[in-house]
Amino acid sequence: MFINQAADLGLLNHDENSNILGVFPVQIRRTVVASVAQFLGADLTAGKNGLNTTSHVNWAMESLGHGFLLAADDDEAHIINCTEVYRKWLFDKDCMPAPIAEDKSQFFLQKMLKHYSLLFQPRTLGSNKSSNKDQYDKQAELCLEVLNIYLQVGRELPLSPSTWEILLKLLIGILNQLFAAETNDNFASRLVARTLRVSFELILSSHNQSIWETIQSLAKNWIQGHNPTTTMGFVVEWNALCQGLTGRVLSLLYGAKEGTNKVSLKLPGEEVVNLDLEKSFVAYVWLRTLYLYGNPITLKSNKNFSEAMKGVRGMVKMMLGLSSPPDGNSILHLFGSWLFEAVKSNRNGFEEGTAVAMETLCNIFFQLSRTKFDAVYLASFYSCLSNVLVLPEGRVVISCLVSCREFFSHELEGSNVLLPFFVHAITNVLCKKPDRGSVLVTNNGMSLDSLREACIKILGHILCFAGHYGNTKLALHLPREYQTAKEANLLPQITTYSALKPHVTFLILKSLKSETNTINIKYLLSYIIINEQEDGDEAHINNSSSDFVQQCIEIILSKVIDMWPKDVAVVAFRTLRNLANFTRGSKRIPQASAIILGLSKFVTSLTPGKMAVEEVNKMMVAAYRCMMEWILVEQWIDNHPQCVKAVLDACVMALGDDKKKTHVDAREAADILVFNLLNNNRSRQLSSRVSEEQILNRIVCDSNGQISDASPFVRYFFFQSMIIAVIDNPFAQGGPTCTILVREKAGKFIWDSKHAYAPRGMVSAAREIEYPRVEKPPTLNTRMARDEHLTNINSYLEGHTSQEGIVDLTQKQFELEKNHIAKKGFRLDHDIQIKPPKNSAANVYKSESKFLTSRALLNNLGILNEQADYSLTQLNHTASGFFSELKILDSLSERYTMQVGVVYVGQGQRTESEILSNRGGSQDYQDFLSGLGWGVRLDNHSGFSGNLNSNPQFPDGPVAPYFADNFFEVIFQAPTLSPTSSEGPKRETLTASTETKNQVIIVWMEDPLSTWSQFGDSIFKGHDAQILVHPLPSGLFQVCLLARGMLSGAGTVAVLNTAVRKAVLPMIVRTAAIDTFGSLPRTDISRPFSSRGNYIADIASKFAKKDSIETLFVSAFQPSEVSVEINPLTIGVSLPSQAKKRPTKANAGMAKSGSGSGIGNEDRRGSFSGVDSSPEKDQAIGKAATLRPNKDKSSEKDLKGSPSKRFSMLDKK
């Protein structure tokens, strides 16, 4: 006796000598079964003691077998007794009857297995009033116990081949019964998964190959069953079996380190089963299992179809996860037909499975993009994409866009043919407002933000196509009727690459207006700069670029005040600042004015009490720097007084009385802004590297041997937070000059000045004045006085003069003089031009004081006057330590400094030693490196050089790329420029060290960026940001910025991922590095303005002369070496009495910093915490100052020469 389905399928034949009790009524059968089962179950040794012959055992088993056909609700106890009796006879030798124990043919074992299968036989309801569900539940519980016994038999008992075959056929019959239409759905649903799991394990353990033909023929019917739940159970178990076999096959094909060393059957909530199968059998059964039921597209249930596609995706994922994955064509040979057909059919209601198939195809083509795919497969893939991308909405198009976020970076052969379709799809998404209730959002965990992010990334990869490919035609065009957005209908159809440009700008502007996600907004802001740089590199420039920038500025200014988060506002300000360097056109000045007014309004609206000080600081700094750049674009702000007022109002927020509410960085940025607004808005003048030594040596050279020491010609003053050096040069060509050298917070600046009108005896810089010659004497038209007015006067004169009278005498004199000058021709033949006198005056510079032209200049400027004691302080430059302090001051950069590492990673390189030992690199890499900045020689570079050094002990190479703008100095450290190995002391700055490192590092990768995770996270984990650059086969370059920590929020994420052309690659990467560096959390940040300002005040306090107004004036006429100590009463002039009592600015205003507190808590001198004026310490400090990495090396080189022609400040002191 056994389940009828085994006989109906022709698997087993019934024995006519069995089923003896089958002809008796149910009540009789129940009575017999109950009696036998109760007796044998009560005393489990009774069978062993009483059933001594084969006939006895057959009779007992005939009775017990009918027990499995009883009703589960009425006879549950009897069925349990029968089950337990058989269990003891199978596994417990102490209870096993002798005929069973001695049965070598396993006849009784096979009979018990057959009887167990009867429990799965459908039966009528019993007389119990319980519901049908309760009865089927009880029967299912009993069947589950039988399945466990079957599994135990297969695992623990040594079965003969015939027993294995009977057991497997019984299981197949049971499965066919469960999938049969007459079987109760609830009953089948509870048992089918467990039955399949037991069946598959036992089938694999049996190593029986012949049974697979039967299973495959039946599985196609099972999978099309009427009950979706049972079909789902089959699909789930099939997935687990396929993945377990796939793991083992991969291990056999690709080595023990890949896949699994056994067949592992895993299911959620179930124990993992590991089967050790023969190698040949594994390959056979794997192929059989893959095609067990055919194409999953035949599944009638959407859930089952989706589950089947997930199983295929799991197997593909295992293959793609190998260290050396198989060829893409090989995977498509296995699964391609299923996946392509699933996507192309795109059946209504089956979207989830179709989406999984689309995702799986994308994974195959993208992760194995280096494969030379068969043309049939590529065409099928592109056909699937074109069908999906035109869908207006739905799960399939969402999965497609998310999976294809880097589609164009893989550069599959002919992939650009789909460009119009992708533009249509991302336009359809980005033009819709990101409403959380949108139909685009599905219930599968896909967020709308992720979808929009994918579309924005696709947009980033096609930004450069118009400029790179130009007017090249596209072979495949999107029909016009697929245009969705109203605005997009006005754009040209994409038939060429150049027609893509207006679509790109439209999408950037449209997305910028509606986007709410922080990461997505930051992507779009970076695209503004990239798009503008792409336009700037083109030969033709039209107004479209200017209009695009104008609209971007308007959107940013309108969004940043109220709507965008604070961290986005900071990025937006940086974007506006970068636009100042790239924008062109007639609208530039209105753009600058709008930005200045908008940012000023934003800064003045900030309320520090409502936000953290750090947040306010970051926004203020970014806003001030942005305003600074736009102020300097052209000479425009003087004509816009409202902008000047707005800037000053904004700066008051940081520089006003309530400074405690703002951070020091904000005050620093505001200080720089005000300085440039008031002093330097007409030019981008940078700090000079010329030193006093060079100027004085020039004077010695100009003298042609007249002097060998030019030190008397220099004076130093402290004036309005500046150290001013004025130097007379009496030997300059064209007359005496005055060189004024100003050291201030913004740097060091030098001007030469001359007299417009030279003193007598000197050649004037002004031209001679010529007047026209007069041909005849002028005629005066005078009005004669009336006689009545002169009556009294004439009478008076007549009575008080000589006899002839005053009038007559005057008339005679007039006639005499007139006759005389008439004889001389009225002197009209004389040259009346103004000319300098022919005689020469004495050389004024032969006096003891050489402070002549400079004194006149200071006097004309209004500096050296009666108020000088309040504003002007003379510095004692002859004091010990003065020039050492100036050396240190000059070494303090006036701009923010940063060092960026640049590393070249060749193909297949994965270790640190391989990477850092590269020299040269590819031609594209070398061109990129040269475009990052200007090549400077490290041995004489006077700007910032970081910790780079050309010394052999620090082998950074002789040259390095260097870049500088108004705010930053950047030095790039590239090991490929070093002539020796980078295994020296500087190696840690490029690796994982956390003590000394470049916070931003640029990594050029010849391999795809997908390989970064294999080595990058371990080697460069010490860097807060990595900018990855990968050359693409088309000539484009993929750029990806990875950031961690505060910059990205949490973990490591990509905050920039785009493709650019070679022409703009260095600018894009350099801009990203500078912006990223400004965003990183730093503890060693330098504040150049504050540092230099405090240091200048400290020098003034240390070296100020204690001059009164009288001694200051007298010293102007004395040699610079003379220390003037004069009693004012002996001067011989009257001076205001209060002037004698006034304190000087250096003594009053700077007194508090004289104790060393003027520098504050910061160490602005590097290793110098203070300066002693003793000669010994001054010599040590001067020596140390020459070792600073950014000292002025060029000046020392220029000073080398003969001793008579060289002047040294340090020697002079």
# chains A, B, ... in the order shown; residues from 1 in each chain; ligands from 1
call {"tool": "residues_around", "arguments": {"residues": "segment 349-357 of chain A", "least_positions_apart": "6", "cutoff": "9 Å", "atoms": "only C-alpha atoms", "output": "VMD selection string"}}
result
chain A and resid 301 to 310 312 to 313 338 to 340 342 to 343 394 to 400 444
call {"tool": "residues_around", "arguments": {"residues": "Asn261 of chain A", "least_positions_apart": "5", "cutoff": "10 Å", "atoms": "only C-alpha atoms", "output": "list in words"}}
result
Gly247, Arg248, Val249, Leu250, Ser251, Leu252, Gly255, Ala256, Asn274, Leu275, Asp276 and Leu277 of chain A
call {"tool": "residues_around", "arguments": {"residues": "Val1055 of chain A", "least_positions_apart": "3", "cutoff": "12 Å", "atoms": "only C-alpha atoms", "output": "MDAnalysis selection string"}}
result
chainID A and resid 453 456:457 460 518:527 571 1025:1028 1039:1044 1047:1052 1058 1072 1075:1076
call {"tool": "select_by_dssp", "arguments": {"residues": "segment 620-663 of chain A", "states": "helix (DSSP H, G or I)", "output": "JSON, numbers by chain"}}
result
{"A": [620, 621, 622, 623, 624, 625, 626, 627, 628, 629, 630, 631, 637, 638, 639, 641, 642, 643, 644, 645, 646, 647, 648, 649, 650, 651, 652, 653, 654, 655, 659, 660, 661]}
call {"tool": "write_last_selection", "arguments": {"atoms": "N, CA, C and O atoms", "output": "compact mmCIF listing (two decimals), in the first residue's frame"}}
result
# COMPACT_ATOMS: atom_id res chain seq x y z
N MET A 620 28.80 82.50 6.72
CA MET A 620 29.39 83.83 6.58
C MET A 620 30.68 83.78 5.77
O MET A 620 30.90 84.60 4.87
N VAL A 621 31.54 82.83 6.08
CA VAL A 621 32.81 82.70 5.36
C VAL A 621 32.55 82.48 3.88
O VAL A 621 33.18 83.13 3.02
N ALA A 622 31.65 81.56 3.56
CA ALA A 622 31.36 81.29 2.14
C ALA A 622 30.77 82.51 1.46
O ALA A 622 31.10 82.82 0.31
N ALA A 623 29.89 83.24 2.15
CA ALA A 623 29.26 84.42 1.55
C ALA A 623 30.29 85.53 1.34
O ALA A 623 30.32 86.18 0.28
N TYR A 624 31.15 85.79 2.32
CA TYR A 624 32.15 86.84 2.19
C TYR A 624 33.13 86.53 1.05
O TYR A 624 33.49 87.42 0.27
N ARG A 625 33.54 85.29 0.94
CA ARG A 625 34.47 84.94 -0.13
C ARG A 625 33.82 85.07 -1.50
O ARG A 625 34.47 85.49 -2.47
N CYS A 626 32.55 84.70 -1.56
CA CYS A 626 31.83 84.84 -2.83
C CYS A 626 31.74 86.32 -3.23
O CYS A 626 31.99 86.68 -4.39
N MET A 627 31.37 87.18 -2.28
CA MET A 627 31.30 88.61 -2.58
C MET A 627 32.66 89.15 -3.00
O MET A 627 32.76 89.99 -3.90
N MET A 628 33.70 88.68 -2.37
CA MET A 628 35.06 89.11 -2.70
C MET A 628 35.38 88.83 -4.16
O MET A 628 35.90 89.69 -4.89
N GLU A 629 35.08 87.63 -4.64
CA GLU A 629 35.37 87.27 -6.02
C GLU A 629 34.60 88.14 -7.00
O GLU A 629 35.13 88.58 -8.02
N TRP A 630 33.33 88.40 -6.70
CA TRP A 630 32.52 89.17 -7.64
C TRP A 630 32.87 90.66 -7.60
O TRP A 630 32.67 91.37 -8.59
N ILE A 631 33.40 91.13 -6.49
CA ILE A 631 33.86 92.51 -6.44
C ILE A 631 35.05 92.71 -7.38
O ILE A 631 35.21 93.76 -8.00
N ILE A 637 32.34 98.27 -9.03
CA ILE A 637 31.62 98.55 -7.79
C ILE A 637 31.67 100.02 -7.40
O ILE A 637 30.79 100.51 -6.68
N ASP A 638 32.68 100.78 -7.89
CA ASP A 638 32.72 102.21 -7.56
C ASP A 638 31.51 102.95 -8.11
O ASP A 638 31.11 103.99 -7.57
N ASN A 639 30.93 102.43 -9.17
CA ASN A 639 29.76 103.07 -9.76
C ASN A 639 28.45 102.55 -9.18
O ASN A 639 27.38 102.88 -9.70
N PRO A 641 27.18 102.55 -5.57
CA PRO A 641 27.34 102.83 -4.13
C PRO A 641 26.41 101.98 -3.26
O PRO A 641 26.75 101.69 -2.11
N GLN A 642 25.28 101.59 -3.81
CA GLN A 642 24.39 100.75 -2.99
C GLN A 642 25.01 99.40 -2.70
O GLN A 642 24.79 98.80 -1.64
N CYS A 643 25.85 98.90 -3.62
CA CYS A 643 26.54 97.63 -3.39
C CYS A 643 27.64 97.80 -2.35
O CYS A 643 27.86 96.91 -1.52
N VAL A 644 28.34 98.92 -2.42
CA VAL A 644 29.37 99.17 -1.42
C VAL A 644 28.76 99.22 -0.03
O VAL A 644 29.27 98.62 0.93
N LYS A 645 27.64 99.91 0.10
CA LYS A 645 26.96 100.00 1.39
C LYS A 645 26.49 98.63 1.85
O LYS A 645 26.60 98.27 3.03
N ALA A 646 25.98 97.82 0.91
CA ALA A 646 25.50 96.49 1.28
C ALA A 646 26.64 95.61 1.78
O ALA A 646 26.49 94.86 2.75
N VAL A 647 27.80 95.70 1.13
CA VAL A 647 28.95 94.91 1.56
C VAL A 647 29.38 95.32 2.96
O VAL A 647 29.64 94.47 3.84
N LEU A 648 29.45 96.62 3.20
CA LEU A 648 29.87 97.09 4.52
C LEU A 648 28.86 96.69 5.59
O LEU A 648 29.24 96.33 6.71
N ASP A 649 27.58 96.75 5.26
CA ASP A 649 26.56 96.32 6.22
C ASP A 649 26.71 94.85 6.56
O ASP A 649 26.54 94.44 7.72
N ALA A 650 27.03 94.05 5.55
CA ALA A 650 27.22 92.62 5.80
C ALA A 650 28.45 92.36 6.65
O ALA A 650 28.45 91.48 7.53
N CYS A 651 29.50 93.12 6.41
CA CYS A 651 30.73 92.90 7.18
C CYS A 651 30.57 93.33 8.63
O CYS A 651 31.27 92.82 9.51
N VAL A 652 29.68 94.27 8.88
CA VAL A 652 29.44 94.70 10.26
C VAL A 652 28.96 93.53 11.11
O VAL A 652 29.23 93.46 12.31
N MET A 653 28.28 92.56 10.49
CA MET A 653 27.80 91.39 11.22
C MET A 653 28.94 90.61 11.86
O MET A 653 28.77 90.00 12.92
N ALA A 654 30.11 90.64 11.23
CA ALA A 654 31.25 89.91 11.77
C ALA A 654 32.24 90.81 12.48
O ALA A 654 32.94 90.37 13.39
N LEU A 655 32.32 92.08 12.05
CA LEU A 655 33.33 92.98 12.59
C LEU A 655 32.77 94.00 13.55
O LEU A 655 33.50 94.88 14.02
N LYS A 659 31.17 90.93 18.66
CA LYS A 659 31.99 89.92 17.98
C LYS A 659 31.87 88.55 18.61
O LYS A 659 32.23 87.55 18.02
N LYS A 660 31.38 88.48 19.84
CA LYS A 660 31.32 87.19 20.51
C LYS A 660 30.33 86.25 19.83
O LYS A 660 30.41 85.05 20.01
N LYS A 661 29.39 86.82 19.07
CA LYS A 661 28.40 85.98 18.41
C LYS A 661 28.89 85.41 17.09
O LYS A 661 28.19 84.65 16.45
call {"tool": "atom_distance", "arguments": {"atom1": "atom CA of Glu532 of chain A", "atom2": "atom CA of Thr897 of chain A"}}
result
26.3 Å
